[in-house]
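Engineer: So that you have it, the file is protein.txt, and it contains compact mmCIF, C-alpha atoms:
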```txt
# COMPACT_ATOMS: atom_id res chain seq x y z
CA MET A 1 -27.73 -2.26 0.35
CA LEU A 2 -24.41 -3.48 1.72
CA ARG A 3 -25.41 -5.76 4.59
CA GLY A 4 -23.38 -8.95 4.64
CA ASN A 5 -20.60 -7.63 2.43
CA LYS A 6 -17.02 -8.28 3.49
CA ALA A 7 -14.70 -5.29 3.24
CA ILE A 8 -11.02 -4.44 3.69
CA VAL A 9 -10.16 -0.78 4.31
CA THR A 10 -6.48 0.13 4.07
CA GLY A 11 -5.27 2.94 6.28
CA GLY A 12 -8.39 2.42 8.39
CA SER A 13 -7.21 3.48 11.82
CA ARG A 14 -7.89 7.21 11.39
CA GLY A 15 -9.18 9.96 9.14
CA ILE A 16 -11.05 9.08 5.97
CA GLY A 17 -10.27 5.36 6.25
CA TYR A 18 -11.68 5.21 9.77
CA ALA A 19 -14.84 7.07 8.71
CA ILE A 20 -15.40 4.71 5.76
CA ALA A 21 -14.80 1.64 7.95
CA LYS A 22 -17.32 3.02 10.46
CA ALA A 23 -19.91 3.66 7.76
CA LEU A 24 -19.44 0.18 6.28
CA ALA A 25 -19.76 -1.48 9.69
CA GLU A 26 -22.92 0.50 10.41
CA GLU A 27 -24.32 -0.69 7.07
CA GLY A 28 -23.91 -4.26 8.25
CA CYS A 29 -20.62 -5.15 6.57
CA SER A 30 -17.90 -7.26 8.11
CA VAL A 31 -14.78 -5.09 8.09
CA VAL A 32 -11.01 -5.49 8.38
CA ILE A 33 -8.94 -2.32 8.80
CA THR A 34 -5.25 -2.29 7.94
CA GLY A 35 -2.34 -0.04 8.83
CA ARG A 36 1.27 -0.06 9.93
CA ASN A 37 0.72 0.38 13.67
CA GLY A 38 -0.86 -2.53 15.48
CA GLU A 39 -1.69 -0.55 18.62
CA SER A 40 -3.41 2.22 16.64
CA LEU A 41 -5.40 -0.39 14.72
CA LYS A 42 -6.46 -2.12 17.93
CA ALA A 43 -7.60 1.17 19.49
CA ALA A 44 -9.53 2.09 16.35
CA ALA A 45 -11.22 -1.32 16.15
CA GLU A 46 -12.30 -1.13 19.79
CA LYS A 47 -13.80 2.30 19.15
CA LEU A 48 -15.50 1.15 15.96
CA GLY A 49 -17.09 -1.94 17.53
CA HIS A 50 -19.26 -4.10 15.25
CA GLY A 51 -16.65 -6.86 15.38
CA VAL A 52 -14.19 -4.93 13.19
CA LYS A 53 -10.97 -6.89 12.77
CA THR A 54 -7.42 -5.63 12.26
CA LEU A 55 -4.49 -6.56 10.04
CA VAL A 56 -1.02 -5.01 10.27
CA PHE A 57 -0.08 -4.20 6.69
CA ASP A 58 2.26 -1.53 5.33
CA ALA A 59 0.69 -0.58 2.00
CA GLY A 60 4.13 0.39 0.75
CA ASP A 61 5.40 -3.17 1.17
CA ILE A 62 4.10 -4.18 -2.24
CA ALA A 63 5.78 -7.59 -2.18
CA LEU A 64 3.36 -8.56 0.61
CA ALA A 65 0.23 -7.05 -0.95
CA GLU A 66 -1.29 -10.26 -2.29
CA ALA A 67 -0.55 -12.26 0.86
CA LYS A 68 -1.98 -9.53 3.09
CA ILE A 69 -5.15 -9.02 1.03
CA ASN A 70 -5.69 -12.79 1.06
CA GLU A 71 -5.09 -12.83 4.81
CA GLY A 72 -7.69 -10.10 5.25
CA ALA A 73 -10.13 -12.08 3.12
CA SER A 74 -9.49 -15.14 5.29
CA LEU A 75 -10.29 -13.13 8.43
CA LEU A 76 -13.57 -12.09 6.82
CA GLY A 77 -14.45 -15.39 5.21
CA GLY A 78 -14.43 -13.77 1.77
CA LEU A 79 -13.96 -10.43 0.06
CA ASP A 80 -16.54 -8.20 -1.64
CA ILE A 81 -15.02 -4.74 -1.15
CA LEU A 82 -11.57 -3.21 -1.08
CA VAL A 83 -11.21 0.44 -0.10
CA ASN A 84 -7.73 1.61 -1.10
CA ASN A 85 -7.33 4.51 1.32
CA ALA A 86 -3.75 4.29 2.62
CA GLY A 87 -1.64 7.23 1.51
CA ILE A 88 0.96 9.80 2.55
CA PHE A 89 1.95 13.36 1.67
CA ALA A 90 5.31 14.31 0.22
CA GLN A 91 7.74 15.61 2.79
CA SER A 92 8.41 18.64 0.61
CA ASP A 93 5.82 21.35 -0.08
CA GLU A 94 4.77 20.93 -3.71
CA TRP A 95 3.32 24.46 -3.78
CA VAL A 96 6.63 26.19 -2.94
CA LYS A 97 9.24 26.33 -5.69
CA ASP A 98 12.36 26.01 -3.56
CA THR A 99 11.15 23.02 -1.56
CA LEU A 100 9.79 21.38 -4.72
CA LEU A 101 13.22 21.71 -6.30
CA ALA A 102 14.73 20.15 -3.19
CA THR A 103 12.62 16.96 -3.41
CA THR A 104 14.88 13.95 -2.99
CA PRO A 105 14.65 10.59 -4.77
CA GLU A 106 13.87 9.01 -1.40
CA GLN A 107 10.92 11.36 -0.83
CA TRP A 108 9.60 10.76 -4.34
CA GLU A 109 9.91 6.98 -4.01
CA ALA A 110 8.23 6.88 -0.58
CA VAL A 111 5.13 8.71 -1.83
CA MET A 112 4.82 6.86 -5.13
CA ASN A 113 5.40 3.51 -3.42
CA ILE A 114 2.42 3.85 -1.07
CA ASN A 115 0.05 6.08 -3.03
CA THR A 116 0.41 4.44 -6.45
CA SER A 117 2.30 1.15 -6.29
CA GLY A 118 0.60 0.17 -3.03
CA LEU A 119 -2.80 0.99 -4.49
CA PHE A 120 -2.05 -0.91 -7.69
CA PHE A 121 -0.90 -4.12 -6.06
CA ALA A 122 -3.65 -4.14 -3.41
CA MET A 123 -6.20 -3.64 -6.20
CA GLN A 124 -4.54 -6.39 -8.22
CA ALA A 125 -4.69 -8.80 -5.28
CA ALA A 126 -8.33 -8.00 -4.53
CA VAL A 127 -9.43 -8.43 -8.16
CA LYS A 128 -7.55 -11.73 -8.42
CA HIS A 129 -9.29 -12.96 -5.27
CA MET A 130 -12.71 -11.85 -6.54
CA ARG A 131 -12.21 -13.50 -9.94
CA LYS A 132 -11.01 -16.75 -8.37
CA ASN A 133 -14.07 -16.90 -6.15
CA GLY A 134 -16.63 -15.66 -8.66
CA VAL A 135 -17.35 -12.48 -6.69
CA LYS A 136 -18.80 -9.43 -8.40
CA GLY A 137 -17.10 -7.05 -6.02
CA ASN A 138 -16.10 -3.43 -5.63
CA VAL A 139 -12.81 -1.57 -5.40
CA LEU A 140 -12.89 2.06 -4.28
CA ASN A 141 -9.68 4.08 -4.60
CA VAL A 142 -9.33 7.21 -2.45
CA THR A 143 -7.30 9.62 -4.56
CA SER A 144 -7.29 13.44 -4.35
CA VAL A 145 -8.19 16.60 -6.25
CA ALA A 146 -4.41 17.03 -6.50
CA GLY A 147 -4.58 14.42 -9.25
CA HIS A 148 -6.82 16.72 -11.32
CA GLU A 149 -4.70 19.85 -10.91
CA PRO A 150 -1.40 20.74 -12.60
CA VAL A 151 1.02 18.18 -11.18
CA ARG A 152 4.01 19.65 -9.36
CA GLY A 153 5.53 16.85 -7.35
CA ALA A 154 5.26 13.33 -5.99
CA TYR A 155 1.89 13.66 -4.26
CA GLY A 156 0.11 15.13 -7.27
CA ALA A 157 1.78 12.64 -9.60
CA SER A 158 0.80 9.71 -7.39
CA LYS A 159 -2.82 10.82 -7.27
CA ALA A 160 -2.99 11.52 -11.01
CA ALA A 161 -1.67 8.02 -11.64
CA SER A 162 -4.16 6.52 -9.20
CA THR A 163 -7.02 8.32 -10.92
CA ALA A 164 -5.87 7.04 -14.31
CA LEU A 165 -5.57 3.48 -12.96
CA THR A 166 -9.09 3.70 -11.58
CA ARG A 167 -10.41 4.61 -15.02
CA GLY A 168 -8.42 1.92 -16.81
CA TRP A 169 -9.18 -0.89 -14.36
CA GLY A 170 -12.83 0.15 -14.22
CA LEU A 171 -13.03 -0.40 -17.96
CA MET A 172 -10.97 -3.58 -17.91
CA PHE A 173 -13.06 -5.54 -15.40
CA ALA A 174 -16.56 -4.14 -15.88
CA ASP A 175 -17.54 -7.08 -18.08
CA GLU A 176 -16.83 -9.41 -15.14
CA GLY A 177 -19.06 -7.45 -12.79
CA ILE A 178 -16.16 -6.06 -10.78
CA THR A 179 -16.79 -2.37 -10.17
CA ILE A 180 -13.85 0.00 -9.73
CA ASN A 181 -14.33 3.68 -8.89
CA GLY A 182 -12.62 6.42 -6.94
CA ILE A 183 -13.18 9.43 -4.71
CA ALA A 184 -11.12 12.62 -5.02
CA PRO A 185 -11.46 14.63 -1.80
CA GLY A 186 -10.24 18.18 -1.46
CA PRO A 187 -9.05 19.50 1.92
CA VAL A 188 -10.58 17.31 4.64
CA ALA A 189 -10.58 17.99 8.38
CA THR A 190 -8.10 15.25 9.31
CA GLU A 191 -4.73 15.05 11.02
CA MET A 192 -3.11 14.28 7.65
CA ASN A 193 -4.12 17.78 6.58
CA GLY A 194 -2.86 19.34 9.80
CA TRP A 195 -6.36 19.66 11.28
CA HIS A 196 -7.00 18.52 14.86
CA GLU A 197 -10.14 18.11 16.92
CA GLY A 198 -11.33 21.53 18.04
CA ASP A 199 -9.60 23.43 15.24
CA PRO A 200 -11.74 25.83 13.16
CA MET A 201 -13.48 24.31 10.17
CA GLU A 202 -13.15 27.46 8.06
CA HIS A 203 -11.00 27.29 4.93
CA SER A 204 -10.49 30.46 2.90
CA ARG A 205 -9.66 28.68 -0.39
CA ILE A 206 -12.78 26.52 -0.48
CA PRO A 207 -15.82 28.23 -2.08
CA PHE A 208 -18.17 26.67 0.49
CA GLY A 209 -15.92 28.18 3.16
CA ARG A 210 -14.97 25.11 5.16
CA PHE A 211 -13.16 21.78 5.18
CA SER A 212 -15.03 18.66 4.17
CA THR A 213 -15.46 16.15 6.99
CA ALA A 214 -14.33 12.53 6.86
CA ASP A 215 -17.94 11.48 7.46
CA GLU A 216 -19.02 13.35 4.32
CA ILE A 217 -16.41 11.45 2.31
CA ALA A 218 -17.66 8.19 3.86
CA LYS A 219 -21.24 8.88 2.78
CA LEU A 220 -20.11 9.22 -0.82
CA ALA A 221 -18.09 6.02 -0.44
CA ILE A 222 -21.15 4.11 0.73
CA TYR A 223 -23.11 5.32 -2.30
CA LEU A 224 -20.37 4.28 -4.74
CA LEU A 225 -20.04 0.86 -3.11
CA SER A 226 -23.79 0.21 -3.12
CA THR A 227 -26.14 -1.09 -5.78
CA ASP A 228 -27.46 2.48 -6.15
CA ALA A 229 -24.26 3.22 -8.09
CA ALA A 230 -24.44 0.07 -10.21
CA MET A 231 -23.88 2.00 -13.45
CA VAL A 232 -20.95 4.11 -12.21
CA CYS A 233 -17.79 2.69 -13.76
CA GLY A 234 -14.18 3.88 -13.70
CA GLU A 235 -15.17 7.27 -12.32
CA THR A 236 -13.34 9.30 -9.71
CA VAL A 237 -15.91 11.53 -8.03
CA THR A 238 -14.71 14.87 -6.69
CA ILE A 239 -15.94 16.02 -3.28
CA ASP A 240 -14.24 19.27 -2.32
CA GLY A 241 -16.71 22.11 -1.79
CA GLY A 242 -15.68 23.66 -5.08
CA TYR A 243 -11.94 23.73 -4.25
CA SER A 244 -10.85 22.35 -7.62
CA ILE A 245 -12.96 24.78 -9.69
CA ARG A 246 -12.18 27.94 -7.73
```
Starting from the coordinates I provided, produce the structure as structure tokens.
Structural biologist:
Amino acid sequence: MLRGNKAIVTGGSRGIGYAIAKALAEEGCSVVITGRNGESLKAAAEKLGHGVKTLVFDAGDIALAEAKINEGASLLGGLDILVNNAGIFAQSDEWVKDTLLATTPEQWEAVMNINTSGLFFAMQAAVKHMRKNGVKGNVLNVTSVAGHEPVRGAYGASKAASTALTRGWGLMFADEGITINGIAPGPVATEMNGWHEGDPMEHSRIPFGRFSTADEIAKLAIYLLSTDAAMVCGETVTIDGGYSIR
């Protein structure tokens, strides 16, 4: 289904990005993972195997987005898939009134810069590369169920914007055979969510009773990037064990 495709995965050294990169490599794709820390990328690539390559790229440095996406494509010898996974949480707790009211402009800007602006300009660069080279490719944006809930702060706002961009860009480029979709995970057992190897999987606020795993998110990603999902366009698919409908 995906063998021979060339894929860039942003934020690919750990968590969901790592799991998606692993799944793509196992499907026979050539993969480049990006991130801010070269040593972490190198360690992740060695663990992934399959000839996975690395590219140091801060998704928040939007002025470099096009150059870095093109560099990743050069490492791969082309580009069929971009997985926009890089993202950060707000430093303030958006579910607590006092800390929400204490959000600083710097905190807001940091989150929006990576989660929304970084996603936008990486997507822009990938689509430009695909159009230039006549590639009917795929972009998959990893957003969050926070984008479907009442927005309280920077993280929710960034994910709501990313979900809206996925819908709009999916519509805009469908006629050129460029497929753009998204995934909206709920709580996932990753370090970003404060979960560490060996911690309990139980989660009291999820109807199914546990965290999702990064591998479960990756399986959905593979489906959306494959020809099996050829008629899925501009959608952001929720995978959260019922968290968002509780």
Engineer: So which residues touch Ala59 (chain A) within 9 Å, counting only C-alpha atoms, skipping near sequence neighbours fewer than 5 positions away, as a list in words?
Structural biologist: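 Answer for this query is Thr10, Gly11, Thr34, Gly35, Arg36, Leu64, Ala65, Ala86, Gly87, Asn113, Ile114, Asn115, Ser117, Gly118, Leu119, Phe121 and Ala122 of chain A.
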Engineer: Let me make sure I understand: among A:His148, A:Lys97, A:Lys42, A:Lys136, which one has the smallest atom-to-atom distance to Ala184 (chain A) if we use all atoms listed in the file?
Structural biologist: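 Residue with the minimum atom-to-atom distance to Ala184 (chain A): A:His148.
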Engineer: Neighbouring residues of region 130-132 of chain A were defined as those with any atom within 8 Å, considering only C-alpha atoms; residues of the same chain fewer than 3 positions away were excluded. Please report them as a list in words.
Structural biologist: Leu79, Asp80, Ala126, Val127, Val135, Lys136, Gly137 and Ile178 of chain A
Engineer: Please tell me which residues are no farther than 9 Å from (-14.7, -0.2, 6.3) in the file, counting all atoms listed in the file, and write them as a ChimeraX atom specification.
Structural biologist: /A:6-10,12,17-25,29-33,52,81-83
Engineer: Could you list, as a ChimeraX atom specification, every residue within 12 Å of Met192 (chain A), counting only C-alpha atoms and ignoring same-chain residues fewer than 3 positions away?
Structural biologist: /A:11,14-17,86-91,187-189,195-196,214
Engineer: I'd like the interatomic distance between CA of Gly241 (chain A) and CA of Trp108 (chain A), to a tenth of an Å.
Structural biologist: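 CA of Trp108 (chain A) lies 28.8 Å from CA of Gly241 (chain A).
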